[in-house]
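Chemist: So that we are looking at the same thing, I have put the structure below in structure tokens.
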Amino acid sequence: MLKVGVVGLGWMGRVHLRNYTEMADVEVVGVVDIDAKAREEVAAQFGVKTFASLDELLENDLDAMSVCVPTSLHHEVGMKIMDKNINVIIEKPLAVSATEGHDLVAKAKEKGVALMVGHVERFNPAVQRVKELIGDDVISIQIERVGPYPPRIQDVGVIKDLGSHDIDLIRFLTGSEFKSVYAVSSTSLGKHEDSALITAEMENGVLANISTNWVTPYKGRKISVACESKYIQANLITQEVKEYSAFSTYDKSYSVREWPLMFREPVKEELTQFLTALRDGTSVPITGEDGLEVLKTFDRIFDCACS
């Protein structure tokens, strides 16, 4: 029986909590939030013990914890948890800066604990299918991730919030690191950037483009991959994937194949793989080092992005 806890009871924290309560061989020891109303709500809904401070929860015996607090608190909370020799999964991005990310990775190594980063889109069945379909002839990847302005997020802008998903996905899909990256951004609704265009070339020559914003009235999550032999489109919300054959100049035709997928909740798959790695003593699927590479890419983006 793995004993787990959750820090932060916002939207994502409650998703983590719900999934933990639905798992066999998992005991939720307690959850933490400074908001008394949030604690009352989850206590009533899930029947879990709640704490007003992290220190109180850390007095208990714990195997693992989910960190779902605002990004600006990831470093402080993550370091405190790992100091207690507890394995941790930290919601993306790993931290606010690469410096803080380095600290977290070093602490995990020092304590010999697992540190996983919650880049949840890797566990989306549509992303998994795209990864299976692409070969070594990828030319370019284009990702659109847009939606309305989220008042609940005040500590970072759209690049570190939405864009972090796609910086990680491009590394995952190409199996390569960023060779060069350029970005422009603008701010219109809040104090941080809420619209950005990111263009990159990977070490293996693949070109990448990310369009992300908080100024679109609907939620959109799409990936397009151009290969020499095919073209792939994926909708990450509906989990639909289409594969287009190469265009035939001779008869001006191409074929389309739709890949049916069994809908799965990515967070459940993410947490399942996290806990499985702990039970088996294997490496977690998205390491602290993976999360750190995203933070390093942020630094390169903000060096050139115009606000």
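For the structure tokens, the naming scheme is as follows: chains receive sequential letters (A, B, ...) according to their order of presentation, residues are indexed from 1 within each chain, and ligands are indexed from 1 in presentation order.
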Counting only C-alpha atoms, what is within 9 Å of Ile286 in chain A, bar same-chain residues fewer than 2 positions away, as a list in words?
Modeler: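 Once the nearby chain positions are removed, what remains is Leu115, Met116, Val117, Gly118, His119, Arg122, Phe274, Ser283, Val284, Gly288, Glu289, Asp290 and Gly291 of chain A.
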Chemist: Grab the residues selected above and save them as a JSON list (two decimals), in the first residue's frame with C-alpha atoms.
Modeler:
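So part.json came out as:
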[["chain", "number", "residue", "atom", "x", "y", "z"],
["A", 115, "LEU", "CA", 11.37, 13.33, -8.99],
["A", 116, "MET", "CA", 8.81, 13.31, -11.80],
["A", 117, "VAL", "CA", 7.44, 16.29, -13.69],
["A", 118, "GLY", "CA", 3.77, 16.37, -14.65],
["A", 119, "HIS", "CA", 4.02, 17.04, -18.38],
["A", 122, "ARG", "CA", 2.80, 12.79, -23.01],
["A", 274, "PHE", "CA", 4.55, 7.30, -11.49],
["A", 283, "SER", "CA", 13.00, 5.35, -13.48],
["A", 284, "VAL", "CA", 9.96, 7.61, -13.68],
["A", 288, "GLY", "CA", 13.52, 16.03, -13.26],
["A", 289, "GLU", "CA", 16.15, 16.37, -15.98],
["A", 290, "ASP", "CA", 13.37, 16.39, -18.61],
["A", 291, "GLY", "CA", 11.64, 19.17, -16.72]]
Chemist: I need the residues of range 7-239 of chain A that end up classed as alpha helix (DSSP H) by DSSP on the backbone, written out as a PyMOL selection string.
Modeler: chain A and resi 11-21+36-46+54-57+74-83+98-111+125-133+158-174
Chemist: Looking only at the backbone, which of the residues in range 124-266 of chain A does DSSP tag as strand (DSSP E or B), as a PyMOL selection string?
Modeler: chain A and resi 138-146+178-186+195-202+207-213+220-227+230-235+240-245+248+253+256-259
Chemist: So the first atom is CA of Tyr218 in chain A and the second is CA of Val181 in chain A; what is the distance between them in Å, to one decimal place?
Modeler: 27.5 Å
Chemist: Kindly give the distance, in Å, that separates CA of Phe172 in chain A and CA of Lys131 in chain A, rounded to a single decimal.
Modeler: 8.2 Å
Chemist: Write out as a list in words which residues come within 9 Å of Leu133 in chain A when counting only C-alpha atoms, dropping same-chain ones fewer than 3 positions away.
Modeler: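 The residues that qualify are Gln128, Arg129, Val130, Ile232 and Glu243 of chain A.
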Chemist: Please identify all polymer residues within 10 Å of Gly205 in chain A, counting only C-alpha atoms, omitting same-chain residues fewer than 6 positions from it, and present them as a VMD selection string.
Modeler: chain A and resid 138 to 140 174 176 178 to 179
Chemist: A:Gly157, A:Gly8, A:Gly78, A:Pro148: which is nearest Ala114 in chain A, counting only C-alpha atoms?
Modeler: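 Selected residue with least distance to Ala114 in chain A: A:Gly78.
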Chemist: Between A:Asp103, A:Glu27, A:Asp33, A:Glu270, which has the minimum distance to Leu62 in chain A (counting only C-alpha atoms)?
Modeler: A:Glu27
Chemist: If you count only C-alpha atoms, which residues fall within 10 Å of Lys296 in chain A, apart from same-chain ones fewer than 6 positions away, as a PyMOL selection string?
Modeler: chain A and resi 97-99+101-102+178
Chemist: Do you know which residues are at most 8 Å from Val29 in chain A counting only C-alpha atoms, after dropping those on the same chain fewer than 2 positions away, and could you put them as an MDAnalysis selection string?
Modeler: chainID A and resid 3:5 27 31 48:49 60 62
Chemist: Just the residues within 10 Å of Asp136 in chain A, please, counting only C-alpha atoms, with nothing from its chain fewer than 6 positions along; format it as JSON, numbers by chain.
Modeler: {"A": [174, 204, 206, 227, 228, 229]}
Chemist: Using CA of Gln239 in chain A and CA of Val267 in chain A as the two end points, give the distance in Å to one decimal.
Modeler: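 The value is 14.2 Å.
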Chemist: Kindly indicate which residue among A:Ser180, A:Asn235, A:Gln154, A:Thr287 lies nearest to Asn87 in chain A, using only C-alpha atoms for the distances.
Modeler: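 Residue with the minimum atom-to-atom distance to Asn87 in chain A: A:Thr287.
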Chemist: Point out the residue among A:Thr297, A:Thr272, A:Ser164, A:Ser195 with the least atom-to-atom distance to Asp25 in chain A, counting only C-alpha atoms.
Modeler: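 Answer, going by the shortest atom-to-atom distance: A:Thr272.
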